[in-house]
file query.csv (CSV, C-alpha atoms)
chain,number,residue,atom,x,y,z
A,14,MET,CA,16.6,40.5,-25.4
A,15,ALA,CA,19.2,39.6,-22.9
A,16,VAL,CA,17.9,38.2,-19.6
A,17,SER,CA,19.8,39.1,-16.4
A,18,ILE,CA,20.7,36.6,-13.8
A,19,GLU,CA,18.8,38.6,-11.2
A,20,ASP,CA,15.6,38.2,-13.3
A,21,ILE,CA,16.2,34.5,-13.7
A,22,LYS,CA,16.7,34.1,-9.9
A,23,LYS,CA,13.6,36.1,-9.2
A,24,LEU,CA,11.3,34.1,-11.5
A,25,ARG,CA,12.8,30.8,-10.3
A,26,ALA,CA,12.0,31.8,-6.7
A,27,MET,CA,8.5,32.7,-7.7
A,28,THR,CA,7.8,29.5,-9.7
A,29,GLY,CA,10.3,26.8,-8.5
A,30,ALA,CA,11.1,26.1,-12.1
A,31,GLY,CA,14.6,25.1,-13.2
A,32,LEU,CA,17.2,27.7,-14.3
A,33,ALA,CA,17.2,26.6,-17.9
A,34,ASP,CA,13.4,26.6,-18.1
A,35,VAL,CA,13.2,30.0,-16.5
A,36,LYS,CA,15.8,31.6,-18.8
A,37,LYS,CA,14.0,30.2,-21.8
A,38,ALA,CA,10.6,31.4,-20.7
A,39,LEU,CA,11.9,34.9,-19.9
A,40,THR,CA,13.7,35.1,-23.3
A,41,GLU,CA,10.6,34.1,-25.2
A,42,ALA,CA,8.5,36.6,-23.2
A,43,ASP,CA,11.0,39.4,-23.7
A,44,GLY,CA,11.5,39.8,-20.0
A,45,ASP,CA,7.7,40.0,-19.2
A,46,PHE,CA,7.4,38.1,-15.9
A,47,ASP,CA,3.6,37.4,-16.2
A,48,LYS,CA,4.0,36.1,-19.7
A,49,ALA,CA,7.0,34.0,-18.7
A,50,LYS,CA,5.0,32.5,-15.8
A,51,ASP,CA,2.2,31.7,-18.2
A,52,LEU,CA,4.6,29.9,-20.5
A,53,LEU,CA,6.0,27.8,-17.7
A,54,ARG,CA,2.4,26.9,-16.6
A,55,GLU,CA,1.4,26.0,-20.1
A,56,ARG,CA,4.5,23.7,-20.5
A,57,GLY,CA,3.6,22.0,-17.3
A,58,LEU,CA,0.1,21.4,-18.4
A,59,ALA,CA,1.4,20.0,-21.7
A,60,ILE,CA,3.8,17.6,-20.1
A,61,ALA,CA,1.2,16.5,-17.5
A,62,ALA,CA,-1.3,15.7,-20.3
A,63,LYS,CA,1.3,13.9,-22.4
A,64,ARG,CA,2.2,11.6,-19.4
A,65,SER,CA,-1.3,11.1,-18.0
A,66,ASP,CA,-1.3,7.4,-18.7
A,67,ARG,CA,2.1,6.8,-16.9
A,68,GLU,CA,2.3,4.9,-13.6
A,69,THR,CA,3.2,6.8,-10.5
A,70,SER,CA,4.6,4.2,-8.2
A,71,ASN,CA,7.1,6.4,-6.3
A,72,GLY,CA,6.6,9.6,-4.4
A,73,CYS,CA,6.5,11.2,-0.9
A,74,VAL,CA,4.1,10.4,1.9
A,75,LEU,CA,4.1,12.8,4.8
A,76,VAL,CA,2.0,12.9,8.0
A,77,LYS,CA,1.7,15.7,10.6
A,78,LYS,CA,-0.4,16.7,13.6
A,79,VAL,CA,-1.2,20.2,14.8
A,80,GLY,CA,-3.3,20.4,17.9
A,81,GLU,CA,-6.3,18.1,17.5
A,82,PHE,CA,-6.0,17.8,13.7
A,83,ALA,CA,-3.8,15.2,12.0
A,84,ALA,CA,-3.4,14.5,8.3
A,85,MET,CA,-1.3,12.6,5.8
A,86,ILE,CA,-0.9,13.0,2.1
A,87,ALA,CA,1.0,11.5,-0.7
A,88,LEU,CA,2.5,13.3,-3.7
A,89,LYS,CA,3.2,10.6,-6.3
A,90,CYS,CA,5.6,10.6,-9.2
A,91,GLU,CA,7.3,8.1,-11.6
A,92,THR,CA,10.8,7.7,-10.2
A,93,ASP,CA,12.5,7.6,-6.9
A,94,PHE,CA,15.1,10.1,-8.2
A,95,VAL,CA,12.4,12.8,-8.3
A,96,ALA,CA,10.7,11.6,-5.2
A,97,ASN,CA,13.9,12.0,-3.1
A,98,GLY,CA,14.5,15.6,-4.4
A,99,ALA,CA,14.4,18.3,-1.8
A,100,ASP,CA,12.1,20.5,-3.9
A,101,PHE,CA,9.6,17.6,-4.3
A,102,ILE,CA,9.6,16.8,-0.6
A,103,LYS,CA,9.2,20.5,0.2
A,104,LEU,CA,6.2,20.8,-2.1
A,105,THR,CA,4.5,17.8,-0.4
A,106,SER,CA,5.2,19.4,3.0
A,107,ASP,CA,3.8,22.8,1.8
A,108,ILE,CA,0.7,21.1,0.6
A,109,LEU,CA,0.2,19.2,3.9
A,110,ASP,CA,0.8,22.3,5.9
A,111,ALA,CA,-1.9,24.1,3.9
A,112,ALA,CA,-4.3,21.2,4.3
A,113,ILE,CA,-3.8,21.2,8.0
A,114,SER,CA,-4.1,24.9,8.3
A,115,ALA,CA,-7.4,24.8,6.4
A,116,GLN,CA,-8.4,21.6,8.2
A,117,CYS,CA,-9.4,20.0,4.9
A,118,LYS,CA,-11.5,16.8,5.1
A,119,THR,CA,-11.2,15.7,1.4
A,120,LEU,CA,-8.6,15.5,-1.3
A,121,ASP,CA,-10.7,17.7,-3.6
A,122,GLU,CA,-10.6,20.4,-0.9
A,123,VAL,CA,-6.8,20.1,-0.7
A,124,LYS,CA,-6.4,20.5,-4.5
A,125,ALA,CA,-8.4,23.7,-4.5
A,126,LEU,CA,-6.4,25.4,-1.7
A,127,PRO,CA,-4.4,28.5,-2.7
A,128,LEU,CA,-0.7,27.8,-2.9
A,129,GLY,CA,1.9,30.1,-4.4
A,130,GLU,CA,0.4,32.1,-7.2
A,131,ALA,CA,-2.4,29.6,-8.0
A,132,ASP,CA,-3.8,26.5,-6.2
A,133,VAL,CA,-2.4,23.2,-5.0
A,134,GLN,CA,-3.4,21.3,-8.2
A,135,SER,CA,-1.7,23.9,-10.4
A,136,ALA,CA,1.4,23.8,-8.2
A,137,VAL,CA,1.6,20.0,-8.8
A,138,THR,CA,1.0,20.4,-12.5
A,139,GLN,CA,3.8,23.0,-12.7
A,140,ARG,CA,6.2,20.8,-10.8
A,141,SER,CA,5.3,18.0,-13.3
A,142,GLY,CA,6.3,20.3,-16.1
A,143,ILE,CA,9.6,21.0,-14.4
A,144,THR,CA,10.6,17.4,-13.7
A,145,GLY,CA,9.1,15.9,-16.9
A,146,GLU,CA,7.2,13.3,-14.8
A,147,LYS,CA,3.6,12.7,-14.2
A,148,MET,CA,2.6,13.7,-10.6
A,149,GLU,CA,-0.7,13.2,-8.7
A,150,LEU,CA,-2.0,13.6,-5.1
A,151,ASP,CA,-3.3,10.6,-3.3
A,152,GLY,CA,-3.8,9.0,0.1
A,153,TYR,CA,-5.2,12.0,1.9
A,154,ASN,CA,-6.5,11.0,5.3
A,155,VAL,CA,-7.4,12.9,8.5
A,156,LEU,CA,-8.0,12.2,12.1
A,157,THR,CA,-9.4,14.8,14.5
A,158,GLY,CA,-9.6,14.9,18.3
A,159,GLU,CA,-7.4,14.1,21.2
A,160,ASN,CA,-4.7,11.4,21.7
A,161,ILE,CA,-3.5,11.1,18.1
A,162,GLU,CA,-0.1,9.8,17.3
A,163,VAL,CA,1.5,10.0,13.8
A,164,TYR,CA,4.3,7.9,12.5
A,165,ASP,CA,6.6,8.2,9.4
A,166,HIS,CA,8.1,4.7,9.0
A,167,MET,CA,11.9,5.0,9.3
A,168,ASN,CA,11.5,8.7,8.2
A,169,LYS,CA,11.7,7.5,4.6
A,170,HIS,CA,8.4,9.2,3.5
A,171,THR,CA,7.0,6.1,1.8
A,172,LEU,CA,4.7,4.7,4.6
A,173,CYS,CA,2.8,6.7,7.2
A,174,THR,CA,0.3,5.9,9.9
A,175,MET,CA,-2.0,7.7,12.3
A,176,VAL,CA,-3.6,6.2,15.5
A,177,GLN,CA,-6.1,7.6,17.9
A,178,LEU,CA,-6.6,6.2,21.4
A,179,ASN,CA,-9.4,7.0,23.8
A,180,GLN,CA,-6.9,8.0,26.5
A,181,ASP,CA,-3.7,10.0,26.7
A,182,ASN,CA,-0.9,7.5,26.3
A,183,ALA,CA,1.7,8.7,23.8
A,184,GLU,CA,4.0,5.7,24.2
A,185,ALA,CA,1.2,3.2,23.5
A,186,GLY,CA,-0.1,5.3,20.6
A,187,HIS,CA,3.4,5.4,19.0
A,188,LYS,CA,3.8,1.6,19.4
A,189,ILE,CA,0.4,1.0,17.9
A,190,ALA,CA,1.2,3.3,15.0
A,191,MET,CA,4.3,1.2,14.4
A,192,GLN,CA,2.2,-1.9,14.6
A,193,VAL,CA,-0.1,-0.6,11.9
A,194,ALA,CA,2.9,0.2,9.7
A,195,ALA,CA,4.5,-3.2,10.2
A,196,MET,CA,1.5,-5.5,10.1
A,197,LYS,CA,-0.9,-3.7,7.7
A,198,PRO,CA,-4.2,-4.6,9.3
A,199,ILE,CA,-7.3,-4.5,7.1
A,200,ALA,CA,-9.6,-3.5,10.0
A,201,LEU,CA,-9.7,-2.6,13.7
A,202,ASP,CA,-11.6,-5.7,14.7
A,203,GLU,CA,-13.7,-8.6,13.2
A,204,ALA,CA,-16.9,-6.5,13.4
A,205,SER,CA,-15.2,-3.9,11.2
A,206,VAL,CA,-14.5,-6.4,8.4
A,207,SER,CA,-17.1,-6.2,5.6
A,208,GLU,CA,-19.3,-9.3,5.0
A,209,GLU,CA,-18.1,-9.2,1.4
A,210,ILE,CA,-14.5,-9.7,2.5
A,211,LYS,CA,-15.5,-12.4,5.0
A,212,GLN,CA,-17.5,-14.3,2.3
A,213,ASN,CA,-14.7,-14.0,-0.2
A,214,GLU,CA,-12.2,-15.4,2.2
A,215,TYR,CA,-14.6,-18.2,3.1
A,216,ASN,CA,-15.1,-19.1,-0.6
A,217,VAL,CA,-11.3,-19.1,-1.2
A,218,ALA,CA,-10.8,-21.2,1.9
A,219,VAL,CA,-13.4,-23.7,0.8
A,220,GLN,CA,-11.9,-24.1,-2.7
A,221,LYS,CA,-8.4,-24.4,-1.2
A,222,THR,CA,-9.5,-27.1,1.2
A,223,LYS,CA,-11.2,-29.0,-1.6
A,224,ASP,CA,-8.1,-28.8,-3.8
A,225,GLU,CA,-5.9,-30.0,-0.9
A,226,GLN,CA,-8.2,-33.0,-0.2
A,227,ILE,CA,-8.1,-34.0,-3.9
A,228,GLU,CA,-4.4,-33.6,-4.1
A,229,LYS,CA,-3.9,-35.8,-1.1
A,230,ALA,CA,-6.1,-38.5,-2.6
A,231,VAL,CA,-4.1,-38.4,-5.8
A,232,GLU,CA,-0.8,-38.5,-4.0
A,233,VAL,CA,-1.9,-41.6,-2.1
A,234,ALA,CA,-3.0,-43.3,-5.3
A,235,VAL,CA,0.2,-42.4,-7.1
A,236,LYS,CA,2.3,-43.9,-4.3
A,237,LYS,CA,0.2,-47.1,-4.4
A,238,ALA,CA,0.9,-47.4,-8.1
A,239,GLY,CA,4.7,-47.4,-7.3
A,240,LEU,CA,5.4,-43.9,-8.6
A,241,ASN,CA,7.1,-41.0,-6.9
A,242,PRO,CA,4.6,-38.0,-6.6
A,243,ASN,CA,7.5,-35.5,-6.6
A,244,HIS,CA,8.3,-36.5,-10.2
A,245,PHE,CA,4.9,-35.3,-11.4
A,246,ASP,CA,4.3,-32.0,-9.6
A,247,SER,CA,4.0,-30.0,-12.9
A,248,ASP,CA,3.9,-30.6,-16.6
A,249,ASP,CA,7.3,-28.9,-17.1
A,250,HIS,CA,8.7,-31.1,-14.3
A,251,ILE,CA,7.3,-34.2,-15.9
A,252,GLN,CA,8.9,-33.4,-19.3
A,253,SER,CA,12.2,-32.5,-17.5
A,254,ASN,CA,12.2,-35.8,-15.6
A,255,ILE,CA,11.5,-37.8,-18.8
A,256,GLY,CA,14.5,-36.1,-20.4
A,257,LYS,CA,16.6,-37.0,-17.4
A,258,GLY,CA,15.5,-40.6,-17.6
A,259,TRP,CA,14.0,-40.6,-14.2
A,260,ILE,CA,10.5,-41.5,-15.5
A,261,THR,CA,9.2,-42.8,-18.8
A,262,GLU,CA,6.4,-41.6,-21.1
A,263,ALA,CA,4.5,-44.6,-19.9
A,264,ASP,CA,4.9,-43.4,-16.3
A,265,ALA,CA,3.6,-40.0,-17.2
A,266,ALA,CA,0.6,-41.5,-19.0
A,267,LYS,CA,-0.1,-43.7,-16.0
A,268,TYR,CA,0.1,-40.7,-13.6
A,269,ARG,CA,-2.3,-38.6,-15.7
A,270,GLU,CA,-4.8,-41.5,-15.9
A,271,ILE,CA,-4.6,-41.9,-12.1
A,272,LYS,CA,-4.9,-38.2,-11.5
A,273,GLU,CA,-8.0,-37.8,-13.7
A,274,ALA,CA,-9.8,-40.8,-12.2
A,275,VAL,CA,-9.0,-40.2,-8.5
A,276,SER,CA,-9.7,-36.4,-8.8
A,277,ALA,CA,-13.1,-37.0,-10.2
A,278,GLU,CA,-14.0,-39.7,-7.6
A,279,LYS,CA,-12.7,-37.6,-4.7
A,280,ALA,CA,-14.4,-34.4,-5.8
A,281,ALA,CA,-17.7,-36.3,-6.0
A,282,ASN,CA,-17.3,-37.7,-2.4
A,283,LEU,CA,-15.9,-34.9,-0.4
A,284,ASN,CA,-17.0,-34.5,3.2
A,285,GLU,CA,-18.8,-31.1,3.0
A,286,ASN,CA,-19.0,-30.7,6.8
A,287,MET,CA,-15.3,-31.2,7.2
A,288,ILE,CA,-14.6,-28.8,4.3
A,289,GLN,CA,-16.8,-26.1,5.9
A,290,ASN,CA,-15.2,-26.6,9.3
A,291,ILE,CA,-11.7,-26.3,7.9
A,292,ALA,CA,-12.7,-23.3,5.9
A,293,LYS,CA,-14.2,-21.5,8.9
A,294,GLY,CA,-11.0,-22.2,10.8
A,295,ARG,CA,-9.0,-20.6,8.0
A,296,VAL,CA,-11.2,-17.5,8.0
A,297,GLY,CA,-10.7,-17.3,11.7
A,298,LYS,CA,-7.0,-17.4,11.3
A,299,PHE,CA,-7.2,-14.7,8.5
A,300,LEU,CA,-9.2,-12.4,10.8
A,301,LYS,CA,-6.7,-12.9,13.7
A,302,GLU,CA,-3.8,-12.0,11.5
A,303,ASN,CA,-5.4,-9.1,9.8
A,304,CYS,CA,-7.6,-7.4,12.5
A,305,LEU,CA,-5.5,-4.9,14.5
A,306,ILE,CA,-6.6,-5.7,18.0
A,307,CYS,CA,-6.3,-9.5,17.3
A,308,GLN,CA,-2.8,-9.3,15.8
A,309,GLU,CA,0.2,-10.5,17.7
A,310,PHE,CA,1.8,-7.3,19.2
A,311,GLN,CA,5.2,-6.7,17.7
A,312,PHE,CA,6.7,-4.2,20.1
A,313,GLY,CA,6.4,-5.8,23.5
A,314,ASP,CA,9.0,-6.9,26.0
A,315,GLY,CA,9.3,-10.5,24.7
A,316,ASP,CA,6.1,-12.2,25.9
A,317,LYS,CA,3.7,-13.0,23.1
A,318,GLN,CA,0.5,-11.1,23.5
A,319,SER,CA,-2.2,-9.6,21.2
A,320,VAL,CA,-2.6,-5.9,20.6
A,321,SER,CA,-5.7,-6.0,22.7
A,322,ASP,CA,-3.8,-7.6,25.6
A,323,TYR,CA,-1.1,-5.0,25.3
A,324,LEU,CA,-3.6,-2.2,25.6
A,325,LYS,CA,-5.1,-3.8,28.7
A,326,SER,CA,-1.7,-4.1,30.2
A,327,GLN,CA,-1.4,-0.3,29.9
A,328,ASP,CA,-4.9,0.4,31.2
A,329,LYS,CA,-7.9,-1.9,31.4
A,330,ASP,CA,-10.0,0.8,29.6
A,331,LEU,CA,-7.4,1.8,26.9
A,332,LYS,CA,-8.8,1.3,23.4
A,333,ILE,CA,-8.0,2.2,19.8
A,334,VAL,CA,-10.5,4.7,18.5
A,335,ALA,CA,-9.3,4.9,14.9
A,336,TYR,CA,-6.3,4.3,12.7
A,337,THR,CA,-5.2,4.9,9.1
A,338,ARG,CA,-2.3,3.8,7.0
A,339,PHE,CA,-1.0,4.7,3.5
A,340,THR,CA,2.0,3.4,1.6
A,341,LEU,CA,3.5,3.7,-1.8
A,342,ALA,CA,5.0,0.2,-1.6
A,343,ALA,CA,3.5,-2.7,-3.5
A,344,GLU,CA,2.2,-5.1,-0.8

call {"tool": "encode", "arguments": {"input": "query.csv", "output": "structure tokens"}}
result
Amino acid sequence: MAVSIEDIKKLRAMTGAGLADVKKALTEADGDFDKAKDLLRERGLAIAAKRSDRETSNGCVLVKKVGEFAAMIALKCETDFVANGADFIKLTSDILDAAISAQCKTLDEVKALPLGEADVQSAVTQRSGITGEKMELDGYNVLTGENIEVYDHMNKHTLCTMVQLNQDNAEAGHKIAMQVAAMKPIALDEASVSEEIKQNEYNVAVQKTKDEQIEKAVEVAVKKAGLNPNHFDSDDHIQSNIGKGWITEADAAKYREIKEAVSAEKAANLNENMIQNIAKGRVGKFLKENCLICQEFQFGDGDKQSVSDYLKSQDKDLKIVAYTRFTLAAE
């Protein structure tokens, strides 16, 4: 049967599907709106299932505060073309508004919220069928209470943060939210860092320090042998330098012999106390760079100060209660 443009517009407004998809569904359903909506839903499910193993590295991250409830959510997709579409951003915004209205605490609660003619998860699946890309919700976080500031980095909808202070100071809250976006802290303070992370960083630091001590010993021995250590920094470089005539095969063999002997000797005679002290210093540096209140504050007036010092400059009792951050970027 012939499908009128008015019917196509009506179903498109109801479902958000593309004109061609709506016209095809109405034609196949002989103008039956309920059947056409079912066809559109089934096609969305089929496309979503077919692309379930695809990577969703793009998308839209939004954050919003209403009263004393703030939330952020990410709707992820495969390409930036889809992510930048007005319909995709609106769907993300509608989902976030629904989540805030219902004051959802978990992503599962968000997915089950009513939206349109079904629920949020169905709306995402249907949009996936329209665009032909896999889509999924992720990064749902909430903060509740007073003195919360939210931040959408450069309004690009790819990185959002939320920060809660213990006092009313919107300017400080906004700057700390920007700090969180820029410096991606792993924890509020050292006490908030898990022992697993600390131990892992310590183990890495110990191994790195041992490797450096061995490398230094090898470098000294190679220089004493009359060779340039820069000519032997990798196997590929060695072969390239032989080809250029800068070193000989005999030089390469001599270097390998020195490296093997000196490495073994140095490894057996490392100063463990020195290694541990250097490693502890490196862990301390890691914590200073990655704990929010210890980080160098990025938005001051020029004088170097930590985030903690900045807060004290605003008010001696001003503190960060909580923060959260979500980004689609690979970091």

call {"tool": "atom_distance", "arguments": {"input": "query.csv", "atom1": "CA of Ile18 (chain A)", "atom2": "CA of Asp34 (chain A)"}}
result
13.1 Å

call {"tool": "closest_residue", "arguments": {"input": "query.csv", "among": "A:Val296, A:Cys90, A:Ile288, A:Leu126", "to": "Ile102 (chain A)", "atoms": "all atoms listed in the file"}}
result
A:Cys90

call {"tool": "atom_distance", "arguments": {"input": "query.csv", "atom1": "CA of Leu88 (chain A)", "atom2": "CA of Ala200 (chain A)"}}
result
24.8 Å

call {"tool": "residues_around", "arguments": {"input": "query.csv", "residues": "Ile161 (chain A)", "least_positions_apart": "4", "cutoff": "12 Å", "atoms": "all atoms listed in the file", "output": "PyMOL selection string"}}
result
chain A and resi 76-84+155-157+174-187+189-190+333-337

call {"tool": "closest_residue", "arguments": {"input": "query.csv", "among": "A:Arg295, A:Lys301, A:His250, A:Lys237", "to": "Ile199 (chain A)", "atoms": "all atoms listed in the file"}}
result
A:Lys301

call {"tool": "closest_residue", "arguments": {"input": "query.csv", "among": "A:Gln318, A:Val235, A:Thr340, A:Ala111", "to": "Glu273 (chain A)", "atoms": "only C-alpha atoms"}}
result
A:Val235

call {"tool": "atom_distance", "arguments": {"input": "query.csv", "atom1": "CA of Gly294 (chain A)", "atom2": "CA of Asn213 (chain A)"}}
result
14.2 Å

call {"tool": "residues_around", "arguments": {"input": "query.csv", "residues": "Glu270 (chain A)", "least_positions_apart": "5", "cutoff": "12 Å", "atoms": "all atoms listed in the file", "output": "MDAnalysis selection string"}}
result
chainID A and resid 231 234:235 238 263:265 275:277

call {"tool": "residues_around", "arguments": {"input": "query.csv", "residues": "Pro127 (chain A)", "least_positions_apart": "4", "cutoff": "12 Å", "atoms": "only C-alpha atoms", "output": "list in words"}}
result
Asp107, Ile108, Asp110, Ala111, Ala112, Ser114, Ala115, Glu122, Val123, Ala131, Asp132, Val133, Gln134, Ser135 and Ala136 of chain A

call {"tool": "write_last_selection", "arguments": {"input": "query.csv", "atoms": "C-alpha atoms", "output": "PDB file, in the coordinates of the input"}}
result
ATOM      1  CA  ASP A 107       3.800  22.800   1.800  1.00  0.00           C
ATOM      2  CA  ILE A 108       0.700  21.100   0.600  1.00  0.00           C
ATOM      3  CA  ASP A 110       0.800  22.300   5.900  1.00  0.00           C
ATOM      4  CA  ALA A 111      -1.900  24.100   3.900  1.00  0.00           C
ATOM      5  CA  ALA A 112      -4.300  21.200   4.300  1.00  0.00           C
ATOM      6  CA  SER A 114      -4.100  24.900   8.300  1.00  0.00           C
ATOM      7  CA  ALA A 115      -7.400  24.800   6.400  1.00  0.00           C
ATOM      8  CA  GLU A 122     -10.600  20.400  -0.900  1.00  0.00           C
ATOM      9  CA  VAL A 123      -6.800  20.100  -0.700  1.00  0.00           C
ATOM     10  CA  ALA A 131      -2.400  29.600  -8.000  1.00  0.00           C
ATOM     11  CA  ASP A 132      -3.800  26.500  -6.200  1.00  0.00           C
ATOM     12  CA  VAL A 133      -2.400  23.200  -5.000  1.00  0.00           C
ATOM     13  CA  GLN A 134      -3.400  21.300  -8.200  1.00  0.00           C
ATOM     14  CA  SER A 135      -1.700  23.900 -10.400  1.00  0.00           C
ATOM     15  CA  ALA A 136       1.400  23.800  -8.200  1.00  0.00           C
TER      16      ALA A 136
END

call {"tool": "residues_near_point", "arguments": {"input": "query.csv", "point": "(2.4, 1.1, -5.2)", "cutoff": "7 Å", "atoms": "only C-alpha atoms", "output": "list in words"}}
result
Ser70, Leu341, Ala342 and Ala343 of chain A

call {"tool": "closest_residue", "arguments": {"input": "query.csv", "among": "A:Ile260, A:Lys118, A:Asp151, A:Gly129", "to": "Asn241 (chain A)", "atoms": "all atoms listed in the file"}}
result
A:Ile260

call {"tool": "residues_around", "arguments": {"input": "query.csv", "residues": "Lys36 (chain A)", "least_positions_apart": "5", "cutoff": "10 Å", "atoms": "only C-alpha atoms", "output": "number ranges by chain"}}
result
A: 15-18, 20-22, 24-25, 30-31, 41-42, 44, 49

call {"tool": "closest_residue", "arguments": {"input": "query.csv", "among": "A:Leu128, A:Met148, A:Ala230, A:Ile86", "to": "Asn71 (chain A)", "atoms": "all atoms listed in the file"}}
result
A:Met148

call {"tool": "residues_near_point", "arguments": {"input": "query.csv", "point": "(-9.7, -2.9, 23.2)", "cutoff": "10 Å", "atoms": "all atoms listed in the file", "output": "ChimeraX atom specification"}}
result
/A:178-179,201-202,305-307,320-325,328-334

call {"tool": "residues_around", "arguments": {"input": "query.csv", "residues": "Thr69 (chain A)", "least_positions_apart": "3", "cutoff": "9 Å", "atoms": "only C-alpha atoms", "output": "MDAnalysis selection string"}}
result
chainID A and resid 72 89:92 146:149
